[in-house]
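*Asks:* If you scroll down you'll find the structure; I have some questions about it.
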Amino acid sequence: METIQYNLPQDRIPEAWYNIQADLPKPLAPPLHPGTLQPIGPDDLAPLFPMALIMQEVSQERDIEIPDPVRQVYAQWRPSPLFRARRLEKALDTPAKIYYKYEGVSPAGSHKPNTAVAQAYYNKMEGTKRLSTETGAGQWGSSLAMACAFFGLECKVYMVRVSYDQKPYRRALMEAFGASVTASPSIETESGRSILAQFPGTNGSLGIAISEAVEVAAKDPNTKYALGSVLNHVLLHQTVIGLETIEQMALAGDEPDVIVGCTGGGSNFAGLVFPYLGQKIKGQSHARVVAVEPAACPSLTKGHFAYDFGDTSHLTPLVKMHTLGSTFIPPGIHAGGLRYHGMAPLVSHVLDLGLVEATTVQQLDAFAAGIQFARAEGIIPAPEANHAVAGAIREALVAKEEGREKTILFNLCGHGHFDMQSYINYQAGLLENYEYPAEEIAMALAGLPAVG
Ligand SMILES: *Cc1c(COP(=O)(O)O)cnc(C)c1O
């Protein structure tokens with residue numbers, strides 16, 4: 001029989017996360033205080049995050065130990081499977097080998113619990129009572145709601161309006177885990193009220209929902225804030241994905257020539273690729289690494305690499321990242337998790353260093369790829385993951401054209417079982433491609449903060 005699954009036993013769950021900051025040829029630019037524009041210290045972040053996470057944010061240590069209670073929760077779905085997509089390879093009639101790491105096996109259906117569990121754990125250890133957060137498609141909100149239920153924390157979620165309306169099942173899932181969910185922008189916060197006054201009937205955006213969640217945490221000493229992507233500690237927690245994959249590819253007796261992931265804030269991409277980039281920096285991997293983003297929200301390919309705010313109301317520190325401008329409100333594409341104006345500073349940095357490449361996919365091409373994948377492999381990808389699938393298929397077709405063998409690895413970061421309305425709309429011909437919103441982006445970029 002041909003092997004299609006490369007599985008590791010439970011005791012091969014990594015014991016430490018991989019911190020790429022230890023191996024970078026050039027260090028990250030420091031985050032800046034939103035008022036003074038001076039580099040911030042750990043104390044500036046203390047109202048929002050527990051100290052353990054703040055220290056991870058700036059740590060230069062290569063291996064950061066995963067606490068036992070976190071590994072114990074991971075053990076419910078980790079190590080996650082690595083599959084060889086043999087039927088997809090046949091359907092594409094390509095000489096390429098295609099592997100995918102499947103993060104949809106977590107209870108919430110995506111990679112997000114890898115960091116949600118760690119964040120809930122460290123908050124619990126430091127006495128936090130409640131976590132506030134934002135969610136786009138609802139993947140992050142449901143992951144954090146689950147993690148809060150495990151560790152006995154309350155959970156308050158601001159859900160981007162367009163997803164709140166399009167994805168009622170995700171909201172139901174968060175509420176089943178005990179979270180309180182509000183559509184964003186809301187009248188509960190100053191940030192929300194101000195946006196509603198300016199843009200009544202807005203779809204909302206991640207940038208706005210972040211402002212609301214941060215405001216709530218800043219004002220309540222018992223509440224801290226949790227972010228599901230972008231920050232260094234979030235990307236760090238996701239590296240269990242790549243660390244396991246390196247072992248699983250060894251089981252398969254293969255090495256990737258190209259590694260593909262979709263990028264919203266950059267965490268699932270970083271989770272798979274950073275351990276490989278660590279090897280690449282040391283000359284031990286030759287893999288090309290490709291980030292795939294939606295054409296409607298192209299921060300890596302069309303954004304500026306500059307200091308910007310993480311949120312719309314300018315409550316967060318400034319970080320240096322690829323950004324479309326913090327006031328840019330992306331079109332309401334179904335891949336809600338990819339509708340963010342910025343990109344993780346670490347992912348922006350490795351792009352700037354030339355360690356990775358970036359490309360875009362249109363919404364209709366992403367869904368076409370997802371359907372083709374589902375018919376071959378039996379898994380319905382999340383709309384976000386469809387961008388990675390499309391990127392991997394593109395690479396496989398290039399291999400076919402060139403008549404060359406090639407090993408492709410991609411991150412299937414979540415399933416789409418809660419996103420079936422978007423598949424219904426796609427099959428009914430109701431989805432559209434969005435032109436690159438050049439004018440709106442130019443306007444938002446014109447408002448970038450002036451930092452020396
Ligand atoms: C949240 C999410 C994304 C986008 O976030 P990243 O930080 O870029 O990974 C992508 N895919 C899925 C399934 C998600 O839930």
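Chain identifiers are assigned as A, B, and so on, following the order in which chains appear in the structure tokens; residues are numbered from 1 within each chain, and ligands are numbered from 1 in order of appearance.
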Please identify the residues whose atoms come within 7 Å of ligand 1, using only C-alpha atoms and all ligand atoms, and report them as number ranges by chain.
*Replies:* A: 110-112, 139-140, 228-230, 262-269, 337-338, 382, 384-385, 413-415
*Asks:* Can you tell me, as a PyMOL selection string, what residues are no more than 10 Å from Glu244 of chain A when counting only C-alpha atoms, ignoring any on the same chain fewer than 4 positions away?
*Replies:* chain A and resi 7-8+12-14+78-82+101+239-240+248-249+272+275
*Asks:* Selected residues, N, CA, C and O atoms, written as a compact mmCIF listing (two decimals), in the first residue's frame, please.
*Replies:*
```
# COMPACT_ATOMS: atom_id res chain seq x y z
N ASN A 7 2.62 9.87 10.71
CA ASN A 7 2.17 10.24 12.05
C ASN A 7 3.26 10.04 13.08
O ASN A 7 4.06 9.11 12.98
N LEU A 8 3.28 10.91 14.07
CA LEU A 8 4.21 10.78 15.18
C LEU A 8 3.42 10.40 16.43
O LEU A 8 2.27 10.80 16.59
N ARG A 12 6.12 12.60 20.93
CA ARG A 12 6.95 13.43 20.03
C ARG A 12 6.41 14.85 19.88
O ARG A 12 6.89 15.61 19.03
N ILE A 13 5.40 15.21 20.67
CA ILE A 13 5.01 16.63 20.71
C ILE A 13 6.25 17.40 21.15
O ILE A 13 6.90 17.03 22.14
N PRO A 14 6.61 18.47 20.43
CA PRO A 14 7.84 19.20 20.78
C PRO A 14 7.85 19.63 22.26
O PRO A 14 6.79 19.93 22.82
N ARG A 78 -2.40 16.80 18.96
CA ARG A 78 -1.05 16.84 18.44
C ARG A 78 -0.35 15.51 18.75
O ARG A 78 -0.72 14.85 19.72
N PRO A 79 0.70 15.18 18.03
CA PRO A 79 1.13 15.78 16.77
C PRO A 79 0.03 15.65 15.71
O PRO A 79 -0.58 14.60 15.59
N SER A 80 -0.18 16.71 14.95
CA SER A 80 -1.19 16.66 13.89
C SER A 80 -0.62 15.90 12.68
O SER A 80 0.60 15.82 12.54
N PRO A 81 -1.50 15.34 11.85
CA PRO A 81 -1.00 14.50 10.76
C PRO A 81 -0.35 15.29 9.61
O PRO A 81 -0.71 16.44 9.36
N LEU A 82 0.62 14.64 8.98
CA LEU A 82 1.15 15.12 7.69
C LEU A 82 0.65 14.13 6.64
O LEU A 82 0.79 12.92 6.80
N LYS A 101 0.41 19.55 5.88
CA LYS A 101 0.28 19.41 7.33
C LYS A 101 -1.13 19.87 7.66
O LYS A 101 -1.55 20.97 7.27
N THR A 239 5.08 27.42 16.17
CA THR A 239 6.18 26.66 15.56
C THR A 239 6.13 25.17 15.86
O THR A 239 6.87 24.40 15.25
N VAL A 240 5.23 24.74 16.77
CA VAL A 240 5.04 23.28 16.92
C VAL A 240 4.68 22.66 15.58
O VAL A 240 5.01 21.49 15.33
N GLN A 248 8.26 14.64 10.46
CA GLN A 248 7.38 13.83 9.62
C GLN A 248 7.90 13.73 8.18
O GLN A 248 7.79 12.67 7.56
N MET A 249 8.49 14.80 7.68
CA MET A 249 9.08 14.74 6.34
C MET A 249 10.26 13.78 6.34
O MET A 249 10.52 13.09 5.34
N LEU A 272 4.57 26.99 10.33
CA LEU A 272 5.14 25.93 9.49
C LEU A 272 6.55 26.28 9.04
O LEU A 272 7.44 25.44 9.06
N PRO A 275 10.67 27.08 11.52
CA PRO A 275 11.70 26.06 11.77
C PRO A 275 12.52 25.72 10.52
O PRO A 275 13.72 25.46 10.61
```
*Asks:* What are the nearest atom pairs, with distances in Å to one decimal, for all residues of segment 267-383 of chain A that come at most 10 Å from segment 39-56 of chain A, using only C-alpha atoms, set out by chain and rising residue number as a tab-separated table?
*Replies:*
```
residue	atom	partner	partner_atom	distance
A:Thr316	CA	A:Leu45	CA	9.5
A:Pro317	CA	A:Ile40	CA	8.0
A:Leu318	CA	A:Pro39	CA	9.2
A:Val319	CA	A:Pro39	CA	9.8
```
*Asks:* Using only C-alpha atoms, please write the residues we just selected to a file, as a compact mmCIF listing (two decimals), in the first residue's frame.
*Replies:*
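And here is the file that came out, out_26.txt:
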```
# COMPACT_ATOMS: atom_id res chain seq x y z
CA THR A 316 -1.69 49.75 20.18
CA PRO A 317 2.08 50.26 19.99
CA LEU A 318 3.53 50.92 16.55
CA VAL A 319 5.35 48.03 14.94
```
*Asks:* For a test of reading the model, state the distance in Å between atom CA of Pro221 of chain A and atom CA of Arg193 of chain A, rounded to one decimal.
*Replies:*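 That distance, rounded to one decimal, is 22.3 Å.
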*Asks:* Looking only at strand (DSSP E or B) from DSSP on the backbone, list the matching residues of segment 262-383 of chain A as an MDAnalysis selection string.
*Replies:* chainID A and resid 262 288:294 304:309 318:323 342 357:361 381
*Asks:* Show me, as a list in words, the residues that have an atom within 7 Å of segment 434-437 of chain A when counting only C-alpha atoms, minus same-chain residues fewer than 2 positions from it.
*Replies:*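 My reading of the contact set: Ala295, Ala296, Glu432, Glu439, Glu440 and Ile441 of chain A.
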*Asks:* I'd like to know which of A:Gln119, A:Gln284, A:Ser194, A:Thr36 is closest to Lys224 of chain A, using only C-alpha atoms.
*Replies:*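 Going through A:Gln119, A:Gln284, A:Ser194, A:Thr36 one by one, the smallest distance to Lys224 of chain A is for A:Gln119.
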*Asks:* Distance table requested - segment 202-249 of chain A against segment 176-186 of chain A, cut-off 9 Å, only C-alpha atoms: one row per qualifying residue with the closest atom pair and its distance in Å to one decimal, ordered by chain and rising residue number, as a Markdown table.
*Replies:*
```
| residue | atom | partner | partner_atom | distance |
| --- | --- | --- | --- | --- |
| A:Thr202 | CA | A:Pro185 | CA | 8.0 |
| A:Asn203 | CA | A:Pro185 | CA | 8.4 |
| A:Gly204 | CA | A:Pro185 | CA | 5.9 |
| A:Ser205 | CA | A:Ser184 | CA | 7.9 |
| A:Leu206 | CA | A:Ser184 | CA | 8.8 |
| A:Ile208 | CA | A:Pro185 | CA | 6.6 |
| A:Ala209 | CA | A:Ser184 | CA | 5.6 |
| A:Glu212 | CA | A:Pro185 | CA | 7.7 |
```
*Asks:* Record the distance separating atom CA of Ala287 of chain A and atom CA of Lys302 of chain A, expressed in Å with one decimal.
*Replies:* 24.0 Å
*Asks:* Between atom CA of Ala116 of chain A and atom CA of Leu24 of chain A, what is the distance, to one decimal in Å?
*Replies:*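 Taking atom CA of Ala116 of chain A and atom CA of Leu24 of chain A, their separation equals 25.7 Å.
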*Asks:* Counting only C-alpha atoms, which residue out of A:Thr360, A:Gln372, A:Thr312, A:Thr301 sits closest to Ala91 of chain A?
*Replies:*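 Smallest separation from Ala91 of chain A among the options: A:Gln372.
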